[in-house]
>>> print(open('structure_19.cif').read())   # mmCIF, C-alpha atoms and all ligand atoms
data_run
loop_
_atom_site.label_atom_id
_atom_site.label_comp_id
_atom_site.auth_asym_id
_atom_site.auth_seq_id
_atom_site.Cartn_x
_atom_site.Cartn_y
_atom_site.Cartn_z
CA MET A 1 29.66 -15.44 0.35
CA ARG A 2 27.65 -18.63 0.80
CA ASN A 3 24.65 -19.26 -1.40
CA ASP A 4 22.27 -19.32 1.51
CA TYR A 5 23.55 -16.09 3.09
CA PHE A 6 20.43 -14.01 2.41
CA VAL A 7 17.98 -16.75 3.29
CA LYS A 8 19.80 -17.23 6.59
CA GLN A 9 19.71 -13.50 7.22
CA MET A 10 15.99 -13.50 6.51
CA ARG A 11 15.45 -16.22 9.09
CA ALA A 12 17.56 -14.37 11.64
CA GLN A 13 15.67 -11.15 10.97
CA GLN A 14 12.26 -12.82 11.27
CA ARG A 15 13.26 -14.51 14.50
CA TRP A 16 14.63 -11.30 16.00
CA ARG A 17 12.07 -8.76 14.84
CA LEU A 18 8.93 -10.93 14.67
CA GLU A 19 9.42 -13.48 17.44
CA ASP A 20 11.74 -12.00 20.03
CA SER A 21 10.95 -8.27 19.89
CA VAL A 22 8.15 -5.89 20.74
CA ASN A 23 8.06 -3.10 18.18
CA LEU A 24 7.17 0.39 19.37
CA LEU A 25 8.40 2.21 16.26
CA PRO A 26 5.53 4.39 14.98
CA SER A 27 6.73 4.12 11.36
CA GLU A 28 6.31 0.37 11.08
CA ASN A 29 3.67 -2.32 11.14
CA VAL A 30 3.17 -5.96 10.19
CA THR A 31 1.01 -7.43 7.44
CA SER A 32 -1.43 -10.34 7.20
CA PRO A 33 -0.47 -13.75 5.73
CA GLN A 34 -2.47 -12.88 2.60
CA VAL A 35 -0.55 -9.63 2.14
CA ARG A 36 2.75 -11.43 2.65
CA ALA A 37 1.76 -14.09 0.11
CA LEU A 38 0.83 -11.43 -2.44
CA LEU A 39 4.15 -9.65 -1.88
CA SER A 40 6.06 -12.78 -2.82
CA SER A 41 3.71 -13.72 -5.69
CA ASP A 42 4.15 -13.73 -9.49
CA PHE A 43 2.82 -10.15 -9.61
CA GLY A 44 6.28 -9.18 -8.43
CA HIS A 45 7.86 -10.63 -11.57
CA ARG A 46 5.74 -8.84 -14.13
CA TYR A 47 5.29 -5.66 -16.05
CA THR A 48 2.19 -3.98 -17.33
CA LEU A 49 1.41 -0.45 -18.38
CA PRO A 50 -0.55 1.25 -15.60
CA ILE A 51 -4.23 1.73 -16.47
CA ASP A 52 -4.05 5.50 -16.88
CA ALA A 53 -0.95 5.56 -19.04
CA GLU A 54 -2.76 7.65 -21.68
CA TYR A 55 -2.14 10.63 -19.40
CA ALA A 56 1.51 10.34 -20.41
CA GLY A 57 0.48 12.48 -23.36
CA GLU A 58 -0.35 10.09 -26.17
CA TYR A 59 -2.37 6.93 -26.50
CA LEU A 60 -0.11 4.14 -25.40
CA GLU A 61 -0.60 0.52 -26.34
CA ASN A 62 0.18 -1.84 -23.52
CA GLY A 63 3.18 -3.54 -25.08
CA TYR A 64 3.30 -6.25 -22.45
CA ARG A 65 1.37 -9.49 -22.79
CA GLY A 66 -0.08 -11.57 -19.99
CA THR A 67 -1.34 -8.50 -18.16
CA ARG A 68 -5.12 -9.07 -17.98
CA ILE A 69 -5.10 -10.06 -14.31
CA THR A 70 -2.59 -7.40 -13.26
CA THR A 71 -4.67 -4.66 -14.87
CA ASP A 72 -7.79 -5.86 -13.03
CA VAL A 73 -5.83 -5.92 -9.79
CA GLU A 74 -4.83 -2.29 -10.17
CA ARG A 75 -8.40 -1.26 -10.98
CA GLU A 76 -9.85 -3.16 -7.99
CA ALA A 77 -7.19 -1.76 -5.65
CA GLU A 78 -8.13 1.76 -6.77
CA LYS A 79 -11.79 0.99 -6.14
CA ALA A 80 -10.98 -0.36 -2.68
CA ALA A 81 -8.98 2.81 -1.91
CA CYS A 82 -11.98 4.95 -2.91
CA GLU A 83 -14.27 2.91 -0.72
CA VAL A 84 -12.04 2.89 2.35
CA PHE A 85 -11.33 6.64 2.21
CA GLY A 86 -14.77 7.65 0.93
CA ALA A 87 -13.11 9.30 -2.08
CA ARG A 88 -14.03 9.56 -5.77
CA HIS A 89 -10.55 8.86 -7.14
CA GLY A 90 -7.77 6.63 -5.87
CA CYS A 91 -4.26 6.00 -7.11
CA VAL A 92 -2.17 3.08 -5.87
CA GLN A 93 0.90 3.62 -8.06
CA PRO A 94 3.21 5.66 -5.76
CA LEU A 95 6.11 3.47 -4.70
CA SER A 96 6.35 5.14 -1.30
CA GLY A 97 4.98 7.94 0.85
CA HIS A 98 7.80 10.18 -0.34
CA ILE A 99 6.93 9.52 -4.00
CA ALA A 100 3.23 10.11 -3.21
CA ALA A 101 4.28 13.47 -1.73
CA MET A 102 6.32 14.35 -4.83
CA ILE A 103 3.46 13.41 -7.16
CA THR A 104 0.96 15.41 -5.09
CA ILE A 105 3.15 18.49 -4.80
CA ALA A 106 4.16 18.39 -8.48
CA SER A 107 0.44 18.16 -9.34
CA THR A 108 -0.62 21.16 -7.28
CA THR A 109 2.20 23.67 -7.89
CA ARG A 110 4.30 25.33 -10.55
CA ARG A 111 7.94 26.41 -10.36
CA GLY A 112 8.35 29.47 -8.18
CA ASP A 113 5.24 28.77 -6.04
CA ALA A 114 5.29 29.10 -2.26
CA VAL A 115 4.53 25.99 -0.19
CA TYR A 116 3.74 26.06 3.52
CA SER A 117 4.32 22.96 5.64
CA ILE A 118 5.16 22.11 9.25
CA HIS A 119 8.82 22.74 10.05
CA ALA A 120 10.96 19.71 10.84
CA SER A 121 11.71 21.22 14.27
CA ASP A 122 7.93 21.05 14.94
CA GLY A 123 7.79 17.42 13.83
CA GLY A 124 7.22 18.09 10.11
CA TYR A 125 8.53 15.74 7.44
CA ASP A 126 12.14 16.52 6.55
CA GLY A 127 11.39 16.09 2.84
CA TYR A 128 9.43 19.38 2.83
CA GLY A 129 12.49 21.40 3.90
CA GLN A 130 13.83 23.81 1.27
CA ASP A 131 16.77 21.56 0.34
CA TYR A 132 14.65 18.56 -0.57
CA ILE A 133 11.36 18.30 -2.50
CA PRO A 134 10.92 22.10 -2.83
CA ASP A 135 14.44 22.38 -4.29
CA LEU A 136 13.78 19.60 -6.81
CA LEU A 137 10.47 21.15 -7.90
CA GLY A 138 11.67 24.77 -7.82
CA LEU A 139 9.39 25.80 -4.93
CA ARG A 140 9.83 28.22 -2.05
CA ALA A 141 9.39 26.43 1.30
CA ARG A 142 7.64 28.32 4.12
CA HIS A 143 6.58 27.10 7.55
CA LEU A 144 3.27 27.11 9.34
CA PRO A 145 3.12 28.76 12.79
CA PHE A 146 3.00 25.98 15.36
CA ASP A 147 1.48 25.73 18.83
CA ALA A 148 4.10 23.68 20.67
CA GLU A 149 1.97 23.40 23.84
CA ARG A 150 -0.91 21.75 22.02
CA TYR A 151 1.47 20.19 19.50
CA THR A 152 -0.54 21.18 16.46
CA VAL A 153 -0.60 23.93 13.84
CA ASP A 154 -1.51 27.30 15.37
CA SER A 155 -4.63 27.70 13.22
CA ARG A 156 -5.23 31.36 14.09
CA ALA A 157 -1.68 32.52 13.36
CA ALA A 158 -1.42 30.23 10.33
CA SER A 159 -4.70 31.57 8.91
CA MET A 160 -3.41 35.13 9.21
CA GLU A 161 -0.17 34.18 7.53
CA ILE A 162 -1.97 32.37 4.70
CA ARG A 163 -4.25 35.37 4.08
CA ARG A 164 -1.26 37.70 4.03
CA ARG A 165 1.15 35.60 1.94
CA LYS A 166 -1.30 33.75 -0.33
CA PRO A 167 0.83 30.62 -0.86
CA GLU A 168 -0.18 28.30 -3.67
CA LEU A 169 -0.02 25.21 -1.46
CA VAL A 170 -0.40 24.30 2.23
CA ILE A 171 0.71 20.84 3.34
CA LEU A 172 -0.70 19.45 6.58
CA GLY A 173 0.50 16.21 8.15
CA ALA A 174 3.81 15.43 9.84
CA SER A 175 6.16 12.78 11.12
CA PHE A 176 5.31 13.70 14.73
CA ILE A 177 1.54 13.74 14.82
CA PRO A 178 -0.15 12.95 18.13
CA PHE A 179 -3.07 15.35 17.54
CA PRO A 180 -5.25 16.35 14.57
CA TYR A 181 -5.32 19.84 13.03
CA ASP A 182 -8.14 22.34 13.29
CA MET A 183 -8.66 22.52 9.54
CA LYS A 184 -11.78 24.71 9.35
CA PRO A 185 -10.06 28.09 9.88
CA LEU A 186 -7.21 27.00 7.61
CA ARG A 187 -9.69 26.01 4.90
CA GLU A 188 -11.42 29.41 5.18
CA ALA A 189 -8.09 31.25 4.97
CA CYS A 190 -7.05 29.14 1.98
CA ASP A 191 -10.38 29.91 0.28
CA ASP A 192 -9.69 33.64 0.73
CA ALA A 193 -6.08 33.29 -0.43
CA GLY A 194 -6.76 30.92 -3.34
CA SER A 195 -4.50 28.25 -1.77
CA THR A 196 -4.82 24.47 -2.05
CA ILE A 197 -4.53 22.24 1.03
CA VAL A 198 -3.11 18.74 0.75
CA TYR A 199 -2.74 16.31 3.65
CA ASP A 200 0.23 14.00 4.17
CA GLY A 201 -1.38 11.15 6.09
CA SER A 202 1.73 8.94 5.99
CA HIS A 203 1.69 8.36 9.72
CA VAL A 204 -2.02 8.37 10.42
CA LEU A 205 -3.37 6.71 7.25
CA GLY A 206 -4.56 3.59 9.09
CA LEU A 207 -6.42 5.73 11.61
CA ILE A 208 -8.04 7.84 8.89
CA ALA A 209 -8.98 4.62 7.05
CA GLY A 210 -10.63 3.41 10.27
CA GLY A 211 -12.57 6.66 10.74
CA GLU A 212 -10.42 8.00 13.61
CA PHE A 213 -8.16 11.04 13.94
CA GLN A 214 -9.70 13.29 11.27
CA ARG A 215 -11.24 13.21 7.78
CA PRO A 216 -8.92 15.35 5.69
CA LEU A 217 -10.94 15.18 2.46
CA LYS A 218 -14.14 16.20 4.26
CA GLU A 219 -12.35 18.94 6.24
CA GLY A 220 -10.91 20.77 3.27
CA ALA A 221 -7.93 18.92 1.81
CA ALA A 222 -7.97 18.54 -1.97
CA ILE A 223 -5.74 15.47 -1.78
CA LEU A 224 -4.91 12.93 0.93
CA TYR A 225 -1.77 10.89 0.37
CA GLY A 226 0.85 8.95 2.27
CA SER A 227 2.70 5.77 3.15
CA THR A 228 0.79 2.52 3.40
CA HIS A 229 2.92 0.82 6.06
CA LYS A 230 2.90 2.88 9.25
CA SER A 231 -0.44 3.00 11.07
CA PHE A 232 -1.87 1.59 7.81
CA PHE A 233 -0.85 -2.09 8.07
CA GLY A 234 -0.01 -2.65 4.40
CA PRO A 235 3.02 -3.28 2.21
CA GLN A 236 5.66 -0.54 2.07
CA GLY A 237 4.43 1.93 -0.55
CA GLY A 238 2.11 4.89 -1.05
CA LEU A 239 -1.32 5.95 -2.21
CA ILE A 240 -3.22 9.08 -3.19
CA VAL A 241 -6.96 9.77 -2.92
CA THR A 242 -9.03 12.79 -3.89
CA ASP A 243 -12.62 13.82 -4.56
CA GLU A 244 -11.65 16.43 -7.12
CA LYS A 245 -11.66 15.65 -10.84
CA ASP A 246 -9.02 18.28 -11.65
CA ALA A 247 -6.72 17.14 -8.87
CA ASN A 248 -7.07 13.55 -10.04
CA GLU A 249 -6.20 14.48 -13.62
CA ALA A 250 -3.20 16.50 -12.49
CA VAL A 251 -1.98 13.54 -10.43
CA ARG A 252 -2.46 11.13 -13.36
CA LYS A 253 -0.31 13.34 -15.56
CA ASN A 254 2.58 13.03 -13.15
CA LEU A 255 2.63 9.23 -13.02
CA VAL A 256 3.94 7.32 -16.03
CA TRP A 257 7.44 8.39 -17.05
CA ARG A 258 7.46 11.32 -14.65
CA LEU A 259 7.44 9.91 -11.14
CA VAL A 260 6.42 6.28 -11.77
CA ASP A 261 6.97 3.60 -14.40
CA ASN A 262 6.66 0.07 -13.04
CA ALA A 263 4.37 0.40 -10.03
CA HIS A 264 5.48 -2.96 -8.52
CA TRP A 265 2.33 -5.01 -8.98
CA ASN A 266 2.96 -7.36 -6.08
CA ARG A 267 2.89 -4.29 -3.85
CA VAL A 268 -0.29 -3.06 -5.55
CA ALA A 269 -2.02 -6.44 -5.07
CA ALA A 270 -0.89 -6.53 -1.44
CA LEU A 271 -2.16 -2.98 -0.96
CA GLY A 272 -5.52 -3.98 -2.45
CA GLN A 273 -5.74 -6.84 0.06
CA THR A 274 -4.85 -4.51 2.94
CA LEU A 275 -7.57 -2.11 1.81
CA LEU A 276 -10.09 -4.98 2.02
CA GLU A 277 -8.82 -5.78 5.52
CA MET A 278 -9.07 -2.12 6.48
CA HIS A 279 -12.62 -2.02 5.18
CA LYS A 280 -13.51 -4.91 7.42
CA PHE A 281 -11.41 -4.31 10.54
CA GLY A 282 -10.16 -0.74 10.19
CA SER A 283 -12.63 0.85 12.53
CA ARG A 284 -12.03 -1.65 15.36
CA TYR A 285 -8.27 -1.47 14.85
CA ALA A 286 -8.05 2.33 14.71
CA LYS A 287 -10.12 2.78 17.88
CA GLN A 288 -7.94 0.27 19.72
CA VAL A 289 -4.75 1.99 18.53
CA VAL A 290 -5.86 5.28 20.08
CA ARG A 291 -7.04 3.58 23.28
CA ASN A 292 -3.69 1.80 23.54
CA SER A 293 -1.75 5.06 23.05
CA LYS A 294 -3.69 6.76 25.82
CA ARG A 295 -3.31 3.83 28.20
CA LEU A 296 0.39 3.28 27.49
CA GLY A 297 0.93 7.02 28.03
CA LYS A 298 -0.84 6.82 31.40
CA GLU A 299 0.99 3.68 32.54
CA LEU A 300 4.40 5.13 31.63
CA LYS A 301 3.62 8.49 33.22
CA GLU A 302 2.54 6.79 36.46
CA ARG A 303 5.91 5.03 36.51
CA GLY A 304 7.71 8.37 36.21
CA PHE A 305 8.62 8.16 32.50
CA PRO A 306 8.78 11.55 30.70
CA VAL A 307 5.96 10.98 28.24
CA MET A 308 4.40 14.24 27.03
CA PHE A 309 0.91 15.78 26.87
CA GLU A 310 -0.75 14.17 29.90
CA GLU A 311 -3.09 17.18 30.09
CA LEU A 312 -4.21 16.51 26.50
CA GLY A 313 -4.85 12.81 27.10
CA PHE A 314 -1.35 11.94 25.79
CA SER A 315 -2.40 11.24 22.18
CA GLU A 316 -5.19 10.92 19.64
CA SER A 317 -3.06 8.82 17.29
CA HIS A 318 -0.66 5.86 17.29
CA GLN A 319 2.15 8.09 18.60
CA LEU A 320 3.31 9.09 22.05
CA LEU A 321 5.97 11.78 22.24
CA ILE A 322 8.76 11.63 24.81
CA ASP A 323 10.42 14.67 26.34
CA PRO A 324 14.14 14.41 25.39
CA LYS A 325 15.06 16.69 28.32
CA GLY A 326 13.30 14.27 30.64
CA ILE A 327 15.36 11.37 29.25
CA ARG A 328 18.56 13.32 29.82
CA GLU A 329 17.53 14.25 33.40
CA LYS A 330 16.23 10.83 34.42
CA TYR A 331 18.66 8.52 32.64
CA GLY A 332 21.61 10.82 31.91
CA MET A 333 21.68 10.01 28.20
CA SER A 334 20.49 11.16 24.81
CA VAL A 335 17.34 9.73 23.23
CA ASN A 336 19.57 7.95 20.72
CA ASP A 337 21.53 6.19 23.49
CA PHE A 338 18.23 5.45 25.21
CA SER A 339 16.89 3.71 22.08
CA VAL A 340 20.09 1.63 21.87
CA LEU A 341 19.69 0.66 25.54
CA LEU A 342 16.11 -0.53 24.93
CA GLU A 343 17.15 -2.47 21.85
CA ARG A 344 19.30 -4.66 24.13
CA SER A 345 16.05 -5.89 25.64
CA ASN A 346 14.48 -6.20 22.17
CA LEU A 347 12.15 -3.28 22.78
CA MET A 348 12.32 -1.28 19.53
CA VAL A 349 11.88 2.49 19.82
CA ASP A 350 13.20 5.22 17.54
CA SER A 351 15.93 7.73 18.33
CA VAL A 352 13.73 10.80 17.83
CA ALA A 353 11.59 10.47 20.97
CA ARG A 354 8.42 8.82 19.66
CA LEU A 355 6.68 5.61 20.68
CA GLY A 356 4.11 3.90 18.46
CA THR A 357 1.22 1.58 19.27
CA ALA A 358 0.16 0.55 15.73
CA GLU A 359 2.09 -2.70 15.43
CA ILE A 360 1.32 -4.01 18.91
CA THR A 361 -2.37 -3.24 18.31
CA ARG A 362 -2.24 -5.04 14.96
CA MET A 363 -0.98 -8.07 16.88
CA GLY A 364 -3.79 -7.95 19.42
CA VAL A 365 -2.42 -5.96 22.39
CA LYS A 366 -5.25 -4.38 24.42
CA GLU A 367 -5.29 -1.90 27.31
CA LYS A 368 -5.17 -4.68 29.93
CA ASP A 369 -1.75 -5.77 28.58
CA LEU A 370 -0.16 -2.36 28.87
CA PRO A 371 0.71 -2.24 32.59
CA GLU A 372 2.93 -5.28 32.01
CA LEU A 373 4.49 -3.72 28.90
CA ALA A 374 5.09 -0.49 30.82
CA ASP A 375 6.84 -2.50 33.59
CA LEU A 376 9.11 -4.15 31.00
CA PHE A 377 9.79 -0.78 29.39
CA MET A 378 10.75 0.80 32.71
CA ALA A 379 12.98 -2.14 33.69
CA ALA A 380 14.78 -1.93 30.32
CA SER A 381 15.05 1.87 30.71
CA GLU A 382 16.82 1.38 34.01
CA GLY A 383 19.44 -0.76 32.27
CA ARG A 384 18.15 -4.25 33.09
CA ASN A 385 18.17 -6.76 30.24
CA VAL A 386 14.60 -8.02 30.12
CA SER A 387 14.77 -9.63 26.67
CA LYS A 388 13.48 -12.98 27.96
CA ARG A 389 10.40 -11.34 29.47
CA VAL A 390 9.92 -9.28 26.30
CA LYS A 391 9.93 -12.49 24.27
CA SER A 392 7.40 -14.17 26.50
CA PHE A 393 5.17 -11.05 26.32
CA ARG A 394 5.50 -11.14 22.51
CA GLU A 395 4.62 -14.84 22.37
CA ARG A 396 1.19 -14.17 23.79
CA PHE A 397 0.22 -12.22 20.66
CA ASP A 398 -0.40 -13.33 17.12
CA MET A 399 0.99 -11.54 14.10
CA ASP A 400 -1.93 -12.90 12.09
CA TYR A 401 -4.49 -11.64 14.59
CA ILE A 402 -6.63 -9.48 12.27
CA LEU A 403 -7.72 -11.81 9.52
CA PRO A 404 -10.50 -11.36 6.98
C1 LIG A 501 5.06 12.65 7.26
C2 LIG A 501 5.84 11.77 6.34
N1 LIG A 501 5.66 11.91 5.04
C3 LIG A 501 6.34 11.14 4.15
C4 LIG A 501 7.23 10.18 4.58
C5 LIG A 501 7.95 9.32 3.57
O1 LIG A 501 7.34 8.08 3.51
P1 LIG A 501 8.07 6.81 2.88
O2 LIG A 501 9.07 6.37 3.87
O3 LIG A 501 6.93 5.84 2.69
O4 LIG A 501 8.66 7.22 1.59
C6 LIG A 501 7.43 10.00 5.95
C7 LIG A 501 8.40 8.99 6.41
O5 LIG A 501 8.63 8.75 7.52
C8 LIG A 501 6.72 10.82 6.86
O6 LIG A 501 6.88 10.70 8.19
#
>>> encode(input="structure_19.cif", output="structure tokens")
Amino acid sequence: MRNDYFVKQMRAQQRWRLEDSVNLLPSENVTSPQVRALLSSDFGHRYTLPIDAEYAGEYLENGYRGTRITTDVEREAEKAACEVFGARHGCVQPLSGHIAAMITIASTTRRGDAVYSIHASDGGYDGYGQDYIPDLLGLRARHLPFDAERYTVDSRAASMEIRRRKPELVILGASFIPFPYDMKPLREACDDAGSTIVYDGSHVLGLIAGGEFQRPLKEGAAILYGSTHKSFFGPQGGLIVTDEKDANEAVRKNLVWRLVDNAHWNRVAALGQTLLEMHKFGSRYAKQVVRNSKRLGKELKERGFPVMFEELGFSESHQLLIDPKGIREKYGMSVNDFSVLLERSNLMVDSVARLGTAEITRMGVKEKDLPELADLFMAASEGRNVSKRVKSFRERFDMDYILP
């Protein structure tokens, strides 16, 4: 293999995904030049002991030298997380949303406990299925009743179930999450049952940071956690925030040498920078994301595309859901084949029937641009290769649009 293989691949990737394509994957986003610089900085070469390492059970000397700046960076990133989410405690060590979930669940349960979450068939995160995190942590996975018509947890039925079964933990949040949850009745039921609620905000973290969607910590969740790279336009990674002293201490105990060692300090610095950007631009960004989802939903629906939930305003988040049956009827193919077809025109969508507006909003797309995008989308859906038009649409927007 030639010495420049990976650098060449990087250039090809950047050209394809950043210059030629329009990304409608709800799981992804792009970062600012400052975040990208921090990701490739010296912080990524170094070790330090995380600041709360004493929770590992004994007082630990930081055996690494040259760590003064790194330690400050972690502390300031935690402070920024508290400020952005209006929380008392913040933790920026989780290496991903999945690890943040494991830390949170390990910190709020004991072996043998019952954990309710949204079933994968209702758009819940696969990792909460019995065979995955619950199996690793010795938990019994149960599923919250779901209202498929309103695409949210059926709060009434779920409250009854929680009162009857008294699970130790209830996890809200999902991979398919166009609408918020009615948390008040769930909180009341959990109070009666002695259950803790935690909220996986992996998908909607950027909206929550911007004051949209819902405020999990104010509405009854003990812990909010998730990925920092979906609607939250940061580096790939995770974070955890809480108002509760006990929850914070439990989380800290599950970091060093349990679920984290090196927290990847370039990621932490980049996350700190994104938190500053969120503080400044988050509200404007989050509002525009939701407006773009609603408008893209309307434009696609008017063109006969099987986007769901028109009667509910299509979406309150960065996600639009597509009806897979509608794809089969209209285009005679599976959603997977449909996503491959769109990729030929450099329109990136996932194979599980979701569209996302976070990345295009991050790059400056507004409602007025969406009729044109919907036209391109429909043309590509009908099998025409519109990659040249997709590229010229993309060129009108700037990856570095939201700058501090
Ligand atoms: C709801 C939810 N939680 C957790 C995760 C895992 O996040 P990560 O990919 O950052 O590990 C995902 C990933 O898609 C998700 O959708």
>>> residues_around(input="structure_19.cif", residues="region 209-211 of chain A", least_positions_apart="3", cutoff="10 Å", atoms="all atoms listed in the file", output="list in words")
Ala81, Glu83, Val84, Phe85, Gly86, Val204, Leu205, Gly206, Gln214, Arg215, Ser231, Phe232, Leu275, Met278, His279, Lys280, Phe281, Gly282, Ser283, Arg284, Tyr285, Ala286 and Lys287 of chain A
>>> closest_residue(input="structure_19.cif", among="A:Val251, A:Leu169, A:Val22, A:Leu95", to="Val386 (chain A)", atoms="all atoms listed in the file")
A:Val22
>>> closest_residue(input="structure_19.cif", among="A:Ile360, A:Leu321, A:Ile171, A:Ala250", to="ligand LIG 501 (chain A)", atoms="only C-alpha atoms and all ligand atoms")
A:Ile171
>>> closest_residue(input="structure_19.cif", among="A:Leu224, A:Leu139, A:Met10, A:Leu255", to="ligand LIG 501 (chain A)", atoms="all atoms listed in the file")
A:Leu224
>>> residues_near_ligand(input="structure_19.cif", ligand="ligand LIG 501 (chain A)", cutoff="9 Å", atoms="only C-alpha atoms and all ligand atoms", output="PyMOL selection string")
chain A and resi 27+95-101+123-128+172-177+200-204+225-230+236-238
>>> atom_distance(input="structure_19.cif", atom1="CA of Pro26 (chain A)", atom2="CA of Ser293 (chain A)")
10.9 Å
>>> atom_distance(input="structure_19.cif", atom1="CA of Arg303 (chain A)", atom2="CA of Leu320 (chain A)")
15.2 Å
>>> residues_around(input="structure_19.cif", residues="Arg291 (chain A)", least_positions_apart="6", cutoff="9 Å", atoms="all atoms listed in the file", output="ChimeraX atom specification")
/A:316-317,366-367
>>> atom_distance(input="structure_19.cif", atom1="CA of Pro324 (chain A)", atom2="CA of Ser392 (chain A)")
29.4 Å
>>> closest_residue(input="structure_19.cif", among="A:Asn266, A:Tyr331, A:Ser387, A:Leu373", to="Ala37 (chain A)", atoms="all atoms listed in the file")
A:Asn266
>>> residues_near_point(input="structure_19.cif", point="(-0.9, -13.0, 6.2)", cutoff="12 Å", atoms="only C-alpha atoms", output="list in words")
Val30, Thr31, Ser32, Pro33, Gln34, Val35, Arg36, Ala37, Leu38, Leu39, Ser40, Phe233, Gly234, Pro235, Ala270, Gln273, Thr274, Glu277, Arg362, Met363, Asp398, Met399, Asp400, Tyr401, Ile402, Leu403 and Pro404 of chain A
>>> closest_residue(input="structure_19.cif", among="A:Ala157, A:Leu276, A:Ile69, A:Val170", to="Cys82 (chain A)", atoms="all atoms listed in the file")
A:Leu276
